[in-house]
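Asker: Shown below is the structure under consideration.
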Amino acid sequence: MITRRPTRQIRVGDVAIGGDAPISVQSMTNTQTSDVEATVDQVHRLQAAGCEIIRVAVPDMDSARALRGVRERISIPLIADIHFDWRLAVAAMEYGAQGIRINPGNLGGAGNLRKTVDAAKQHGVPIRVGVNSGSIEKDLLESLGYPTPDKPDSLIESALRNVRLVEGCGFQELKISVKSADVLTTVNAYRALSQRIDYPLHLGVTEAGGLIGGTVKSSVALGILLYEGIGDTFRISLTRDPVEEVRVAFELLRALKIRERGPELISCPTCGRTRINLFGLAEQVEAYIQTMKSPLKVAVMGCSVNGPGEAREADIGVAGGHGVGIIFKKGEIVKRVPDEDLLEVFMDELKKMEAERRPGRD
Ligand code: SF4
């Protein structure tokens with residue numbers, strides 16, 4: 001049983017973060033933000049995968065201006081990621097950003113930060129104070145050292161210093177992140193920070209890596225933190241199509257029984273009993289269920305000897321055999337189908353089951 005750490009609540013557009021709000025899933029586009037068409041297309045794909053908040057890089061004024069066109073065509077809150085130039089932060093909010101992510105210490109001084117915060121107040125836009133291992137101020141590195149799992153202090157102090165800078169401008173609509181590329185440093189930094197402030201926390205492992213390495217690192221770090229009730233929104237960072245980030249994020253939430261979205265695939269690893277191309281079948285079923293919304297458990301098993309029994313928890317499943325595959329529901333065999341028709345018949349059964357499960361039909 002997970003008990004969430006109590007925090008204040010803020011809103012990014014119509015999504016609440018912190019307090020009793022569901023833990024929200026974010027991603028970040030990797031298009032040129034100034035290319036409105038490409039950015040909107042990618043956001044739409046991310047929305048379809050379940051992404052609830054989208055962040056875009058704003059490295060120049062063309063990108064800031066493009067936010068208006070992007071915002072008009074998407075239906076999830078839009079956050080602008082800004083470094084160094086307060087003018088870009090102010091422009092981003094004028095062009096429709098519903099949140100900004102900044103490192104307050106790198107905007108060129110107190111005056112520029114105040115202008116940025118004043119614009120955030122005027123537009124009702126929350127700020128993420130985002131620090132990471134690479135952005136820690138020199139004096140903190142000299143006095144506290146580079147953050148390590150045993151001593152993440154410089155990362156935490158950097159975050160607190162930057163939070164105080166924004167608070168000093170009379171602003172508290174904040175969420176905070178302290179990302180490191182190291183899993184245990186990330187875990188210990190967030191743990192310690194959660195004891196010191198009650199702002200919502202945005203979790204993430206920075207520069208986590210590719211699909212496998214990045215998924216493992218992010219899942220370990222964020223899995224520990226979420227299980228301890230720490231974290232109110234998060235992004236899985238992968239060197240991949242960002243749609244994969246969202247898929248991993250929801251699998252992580254599902255594994256921790258925090259949130260469910262769409263079907264869960266249960267599939268066997270195959271063994272010497274497998275007589276069909278199970279990898280191909282599992283891939284096709286997995287691709288299909290990405291489009292489904294009901295939280296069904298769908299099993300794809302290699303044999304009819306152990307398959308249905310092993311997947312007894314599944315709502316519906318398919319198992320290969322010798323020329324004849326079987327379809328089962330809740331562990332009971334309901335149909336025997338020639339291999340060549342197996343996928344088609346199974347998909348029909350799946351669609352029927354989803355139709356029965358749709359809201360209003362339960
Ligand atoms: S379900 Fe059958 S094929 Fe798959 S691992 Fe188990 S015994 Fe092997």
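Identifiers in this document derive from the order of the structure tokens: chains are assigned A, B, ..., residues are numbered from 1 separately in each chain, and ligands are numbered from 1 in order of occurrence.
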Neighbours of region 248-263 of chain A within 6 Å (only C-alpha atoms; same-chain residues fewer than 4 positions away dropped), as a ChimeraX atom specification?
Answerer: /A:292-297
Asker: Okay, now the selection with N, CA and C atoms, as a PDB file, in the first residue's frame?
Answerer:
```
ATOM      1  N   MET A 292      -6.310   0.273 -27.498  1.00  0.00           N
ATOM      2  CA  MET A 292      -7.482  -0.018 -26.656  1.00  0.00           C
ATOM      3  C   MET A 292      -7.398   0.722 -25.326  1.00  0.00           C
ATOM      4  N   LYS A 293      -8.553   1.026 -24.762  1.00  0.00           N
ATOM      5  CA  LYS A 293      -8.586   1.811 -23.522  1.00  0.00           C
ATOM      6  C   LYS A 293      -8.919   0.960 -22.281  1.00  0.00           C
ATOM      7  N   SER A 294      -9.659  -0.158 -22.481  1.00  0.00           N
ATOM      8  CA  SER A 294     -10.098  -0.941 -21.321  1.00  0.00           C
ATOM      9  C   SER A 294      -8.918  -1.631 -20.645  1.00  0.00           C
ATOM     10  N   PRO A 295      -8.915  -1.685 -19.317  1.00  0.00           N
ATOM     11  CA  PRO A 295      -7.809  -2.333 -18.617  1.00  0.00           C
ATOM     12  C   PRO A 295      -7.931  -3.862 -18.598  1.00  0.00           C
ATOM     13  N   LEU A 296      -7.964  -4.476 -19.794  1.00  0.00           N
ATOM     14  CA  LEU A 296      -8.051  -5.936 -19.890  1.00  0.00           C
ATOM     15  C   LEU A 296      -6.685  -6.562 -19.669  1.00  0.00           C
ATOM     16  N   LYS A 297      -6.681  -7.795 -19.219  1.00  0.00           N
ATOM     17  CA  LYS A 297      -5.439  -8.567 -19.185  1.00  0.00           C
ATOM     18  C   LYS A 297      -5.483  -9.520 -20.371  1.00  0.00           C
TER      19      LYS A 297
END
```
Asker: For ligand 1, list the contacting residues at 7 Å or closer, counting only C-alpha atoms and all ligand atoms, as a list in words.
Answerer: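 Using only C-alpha atoms and all ligand atoms, everything at most 7 Å from ligand 1 comes to Cys268, Pro269, Thr270, Cys271, Gly272, Arg273, Thr274, Met301, Gly302, Cys303, Ser304, Val305, Asn306, Gly307 and Glu310 of chain A.
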Asker: Please, could you write that set of residues out with C-alpha atoms as an mmCIF file, in the first residue's frame?
Answerer:
```cif
data_model
loop_
_atom_site.group_PDB
_atom_site.id
_atom_site.type_symbol
_atom_site.label_atom_id
_atom_site.label_comp_id
_atom_site.auth_asym_id
_atom_site.auth_seq_id
_atom_site.Cartn_x
_atom_site.Cartn_y
_atom_site.Cartn_z
ATOM 1 C CA CYS A 268 5.330 -16.333 -22.005
ATOM 2 C CA PRO A 269 9.044 -16.290 -22.833
ATOM 3 C CA THR A 270 8.614 -19.394 -25.091
ATOM 4 C CA CYS A 271 10.437 -22.677 -24.572
ATOM 5 C CA GLY A 272 11.031 -26.015 -26.278
ATOM 6 C CA ARG A 273 7.257 -26.699 -26.340
ATOM 7 C CA THR A 274 6.505 -23.677 -28.551
ATOM 8 C CA MET A 301 1.113 -18.063 -24.652
ATOM 9 C CA GLY A 302 3.261 -20.506 -26.541
ATOM 10 C CA CYS A 303 1.452 -23.747 -25.827
ATOM 11 C CA SER A 304 -1.887 -25.139 -24.872
ATOM 12 C CA VAL A 305 -0.333 -27.455 -22.304
ATOM 13 C CA ASN A 306 0.507 -24.818 -19.747
ATOM 14 C CA GLY A 307 -0.597 -21.589 -21.430
ATOM 15 C CA GLU A 310 -0.372 -20.083 -16.400
#
```
Asker: Extract, using only C-alpha atoms, all DNA, RNA and protein residues at most 8 Å from Ser267 (chain A), discarding same-chain residues fewer than 4 positions from it, and format them as a list of chain:residue names.
Answerer: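 In the requested format, the answer is A:Ala282, A:Ala299, A:Val300, A:Met301.
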Asker: Quick one, how far is CA of Asn132 (chain A) from CA of Arg11 (chain A)?
Answerer: 23.1 Å
Asker: Which is closer to Ala119 (chain A) than all the others in A:Gly99, A:Gly145, A:Pro6, A:Gly321, using only C-alpha atoms?
Answerer: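 Selected residue with least distance to Ala119 (chain A): A:Gly99.
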Asker: For the structure I just gave you, how does DSSP split region 236-327 of chain A - specifically, which residues are strand (DSSP E)? Reply as a list in words.
Answerer: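 DSSP on the backbone gives strand (DSSP E) at Glu264, Leu265, Ile266, Ser267, Lys297, Val298, Ala299, Val300, Met301, Ile316, Gly317, Val318, Ala319, Val324, Gly325, Ile326 and Ile327 of chain A.
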Asker: Only C-alpha atoms, please: the residues just picked out, written as an mmCIF file, in the first residue's frame.
Answerer:
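Result file is again-v9.cif:
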```cif
data_model
loop_
_atom_site.group_PDB
_atom_site.id
_atom_site.type_symbol
_atom_site.label_atom_id
_atom_site.label_comp_id
_atom_site.auth_asym_id
_atom_site.auth_seq_id
_atom_site.Cartn_x
_atom_site.Cartn_y
_atom_site.Cartn_z
ATOM 1 C CA GLU A 264 -1.867 -5.404 -19.978
ATOM 2 C CA LEU A 265 -0.047 -7.987 -22.059
ATOM 3 C CA ILE A 266 0.907 -11.233 -20.360
ATOM 4 C CA SER A 267 3.135 -13.343 -22.584
ATOM 5 C CA LYS A 297 -5.439 -8.567 -19.185
ATOM 6 C CA VAL A 298 -4.506 -10.167 -22.507
ATOM 7 C CA ALA A 299 -2.352 -13.308 -22.628
ATOM 8 C CA VAL A 300 -0.293 -14.640 -25.520
ATOM 9 C CA MET A 301 1.113 -18.063 -24.652
ATOM 10 C CA ILE A 316 -8.674 -13.348 -22.672
ATOM 11 C CA GLY A 317 -5.769 -15.181 -24.212
ATOM 12 C CA VAL A 318 -4.415 -17.098 -27.127
ATOM 13 C CA ALA A 319 -2.125 -20.138 -27.033
ATOM 14 C CA VAL A 324 -4.475 -25.568 -34.034
ATOM 15 C CA GLY A 325 -4.336 -22.637 -31.638
ATOM 16 C CA ILE A 326 -6.698 -22.104 -28.771
ATOM 17 C CA ILE A 327 -8.483 -19.072 -27.429
#
```
Asker: Quick one: distance from CA of Ala192 (chain A) to CA of Ile156 (chain A) in Å, one decimal?
Answerer: 7.5 Å
Asker: Neighbours of Leu140 (chain A) within 10 Å (only C-alpha atoms; same-chain residues fewer than 5 positions away dropped), as a list of chain:residue names?
Answerer: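 Counting only the stated atoms, we get A:Gly145, A:Tyr146, A:Asp153, A:Ser154, A:Leu155, A:Glu157, A:Ser158.
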Asker: When you count only C-alpha atoms, which of these residues is closest to Glu332 (chain A): A:Arg5, A:Lys151, A:Arg312, A:Lys121?
Answerer: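 Among the listed residues, the smallest separation from Glu332 (chain A) belongs to A:Arg312.
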Asker: Could you name the residues that touch Pro77 (chain A) at 12 Å or less, counting only C-alpha atoms, but leaving out those on the same chain fewer than 5 positions away, as a short mmCIF file (atom, residue, chain, number, x, y, z; two decimals) with N, CA and C atoms, in the first residue's frame?
Answerer:
```
data_model
loop_
_atom_site.label_atom_id
_atom_site.label_comp_id
_atom_site.auth_asym_id
_atom_site.auth_seq_id
_atom_site.Cartn_x
_atom_site.Cartn_y
_atom_site.Cartn_z
N ARG A 11 -1.62 23.73 -10.60
CA ARG A 11 -2.29 23.32 -11.84
C ARG A 11 -1.47 23.76 -13.03
N VAL A 12 -1.27 22.84 -13.96
CA VAL A 12 -0.68 23.19 -15.25
C VAL A 12 -1.82 23.05 -16.24
N GLY A 13 -2.33 24.17 -16.74
CA GLY A 13 -3.54 24.10 -17.54
C GLY A 13 -4.63 23.45 -16.71
N ASP A 14 -5.27 22.40 -17.26
CA ASP A 14 -6.34 21.77 -16.49
C ASP A 14 -5.87 20.52 -15.75
N VAL A 15 -4.58 20.32 -15.67
CA VAL A 15 -4.06 19.14 -14.95
C VAL A 15 -3.53 19.56 -13.58
N ALA A 16 -4.11 18.96 -12.53
CA ALA A 16 -3.64 19.24 -11.17
C ALA A 16 -2.42 18.37 -10.88
N ILE A 17 -1.46 18.95 -10.16
CA ILE A 17 -0.24 18.21 -9.79
C ILE A 17 -0.01 18.37 -8.30
N SER A 24 0.81 12.31 -12.67
CA SER A 24 0.62 12.55 -14.11
C SER A 24 1.88 12.20 -14.90
N VAL A 25 1.62 11.82 -16.15
CA VAL A 25 2.69 11.38 -17.05
C VAL A 25 3.01 12.47 -18.05
N GLN A 26 4.28 12.82 -18.13
CA GLN A 26 4.73 13.85 -19.06
C GLN A 26 5.67 13.25 -20.09
N SER A 27 5.84 13.98 -21.17
CA SER A 27 6.90 13.65 -22.12
C SER A 27 7.38 14.96 -22.72
N MET A 28 8.37 14.84 -23.60
CA MET A 28 8.92 16.03 -24.24
C MET A 28 9.09 15.74 -25.72
N VAL A 43 2.84 15.61 -30.78
CA VAL A 43 2.02 15.74 -29.56
C VAL A 43 0.75 14.89 -29.69
N GLN A 47 -0.37 12.18 -27.11
CA GLN A 47 -1.69 12.23 -26.47
C GLN A 47 -2.39 10.88 -26.62
N CYS A 51 -0.10 10.50 -22.91
CA CYS A 51 0.66 11.62 -22.34
C CYS A 51 -0.31 12.72 -21.86
N GLU A 52 -0.05 13.22 -20.65
CA GLU A 52 -1.00 14.16 -20.05
C GLU A 52 -0.50 15.60 -20.00
N ILE A 53 0.81 15.77 -20.11
CA ILE A 53 1.40 17.12 -20.13
C ILE A 53 2.58 17.04 -21.11
N ILE A 54 2.71 18.03 -21.97
CA ILE A 54 3.82 17.97 -22.93
C ILE A 54 4.75 19.18 -22.75
N ARG A 55 6.03 18.89 -22.82
CA ARG A 55 7.04 19.96 -22.71
C ARG A 55 7.75 20.07 -24.05
N VAL A 56 8.02 21.29 -24.44
CA VAL A 56 8.75 21.51 -25.69
C VAL A 56 9.93 22.42 -25.40
N LEU A 67 4.62 28.51 -30.28
CA LEU A 67 3.78 27.91 -29.23
C LEU A 67 2.30 28.21 -29.44
N VAL A 70 0.93 25.73 -31.83
CA VAL A 70 0.91 24.38 -31.23
C VAL A 70 -0.23 24.29 -30.23
N ARG A 71 -0.30 25.27 -29.36
CA ARG A 71 -1.31 25.24 -28.28
C ARG A 71 -2.73 25.14 -28.84
N GLU A 72 -2.98 25.89 -29.94
CA GLU A 72 -4.33 25.90 -30.51
C GLU A 72 -4.78 24.52 -30.98
N GLY A 96 1.42 31.45 -25.10
CA GLY A 96 0.49 30.40 -24.71
C GLY A 96 1.03 29.28 -23.85
N ALA A 97 2.32 29.31 -23.46
CA ALA A 97 2.82 28.23 -22.58
C ALA A 97 2.02 28.24 -21.28
N GLN A 98 1.62 27.04 -20.84
CA GLN A 98 0.81 26.94 -19.61
C GLN A 98 1.67 26.58 -18.41
N GLY A 99 2.95 26.38 -18.66
CA GLY A 99 3.92 26.13 -17.59
C GLY A 99 5.29 26.43 -18.17
N ILE A 100 6.24 26.78 -17.32
CA ILE A 100 7.61 26.91 -17.82
C ILE A 100 8.53 26.11 -16.91
N VAL A 125 0.77 31.13 -14.71
CA VAL A 125 1.55 29.98 -15.18
C VAL A 125 2.47 29.48 -14.07
N PRO A 126 2.43 28.18 -13.74
CA PRO A 126 3.36 27.66 -12.73
C PRO A 126 4.78 27.46 -13.30
#
```
Asker: Name the residues in contact with Leu201 (chain A) at a cut-off of 12 Å, using only C-alpha atoms, excluding same-chain residues fewer than 4 positions from it; report them as a count of residues only.
Answerer: 43
Asker: As a ChimeraX atom specification, please: all residues of region 211-277 of chain A that backbone DSSP puts in alpha helix (DSSP H).
Answerer: /A:211-227,242-255
Asker: Please, could you write that set of residues out with C-alpha atoms as a CSV table (one decimal), in the first residue's frame?
Answerer:
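Saved the output as part15.csv:
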```csv
chain,number,residue,atom,x,y,z
A,211,LEU,CA,15.1,1.8,-24.6
A,212,ILE,CA,16.5,-1.0,-22.4
A,213,GLY,CA,19.1,0.9,-20.3
A,214,GLY,CA,16.9,3.9,-19.9
A,215,THR,CA,13.8,1.9,-19.0
A,216,VAL,CA,15.7,0.0,-16.3
A,217,LYS,CA,17.4,3.0,-14.8
A,218,SER,CA,14.2,5.1,-14.8
A,219,SER,CA,12.1,2.2,-13.5
A,220,VAL,CA,14.4,1.5,-10.6
A,221,ALA,CA,14.8,5.1,-9.5
A,222,LEU,CA,11.2,6.2,-10.0
A,223,GLY,CA,9.9,2.8,-8.9
A,224,ILE,CA,11.6,3.2,-5.5
A,225,LEU,CA,10.5,6.8,-5.1
A,226,LEU,CA,6.9,6.3,-6.2
A,227,TYR,CA,6.6,3.2,-4.0
A,242,PRO,CA,9.0,9.8,-27.0
A,243,VAL,CA,5.9,7.7,-27.4
A,244,GLU,CA,8.0,4.9,-25.9
A,245,GLU,CA,8.5,7.1,-22.8
A,246,VAL,CA,4.8,7.3,-22.3
A,247,ARG,CA,4.3,3.5,-22.7
A,248,VAL,CA,7.1,2.8,-20.2
A,249,ALA,CA,5.6,5.4,-17.8
A,250,PHE,CA,2.2,3.7,-17.8
A,251,GLU,CA,3.7,0.2,-17.4
A,252,LEU,CA,5.6,1.5,-14.4
A,253,LEU,CA,2.4,3.0,-12.8
A,254,ARG,CA,0.6,-0.3,-13.6
A,255,ALA,CA,3.4,-2.4,-12.0
```
Asker: Could you check which of A:Lys352, A:His322, A:Lys329, A:Lys335 is closest to Gly309 (chain A), using only C-alpha atoms?
Answerer: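 When distances to Gly309 (chain A) are compared using only C-alpha atoms, the smallest one comes from A:Lys329.
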Asker: Of the candidates A:Met93, A:Leu107, A:Ile79, A:Thr148, which one gets nearest to Gln122 (chain A) if we count only C-alpha atoms?
Answerer: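 Going through A:Met93, A:Leu107, A:Ile79, A:Thr148 one by one, the smallest distance to Gln122 (chain A) is for A:Met93.
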Asker: Between CA of Gln284 (chain A) and CA of Glu344 (chain A), what is the distance in Å, rounded to a tenth?
Answerer: 10.6 Å
Asker: Any idea what's packed within 10 Å of Arg73 (chain A), counting only C-alpha atoms, ignoring anything in its chain fewer than 4 positions away? Could you give it as a PyMOL selection string?
Answerer: chain A and resi 36-37+40-41+43-44+68-69
Asker: Could you check which of A:Ser237, A:Thr116, A:Asn188, A:Gln42 is closest to Thr206 (chain A), using only C-alpha atoms?
Answerer: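 Once distances to Thr206 (chain A) are computed over only C-alpha atoms, the minimum belongs to A:Ser237.
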Asker: With distances taken over only C-alpha atoms, which residue among A:Met61, A:Ile236, A:Leu350, A:Val345 lies nearest Thr291 (chain A)?
Answerer: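 That would be A:Leu350, the residue with the smallest distance to Thr291 (chain A).
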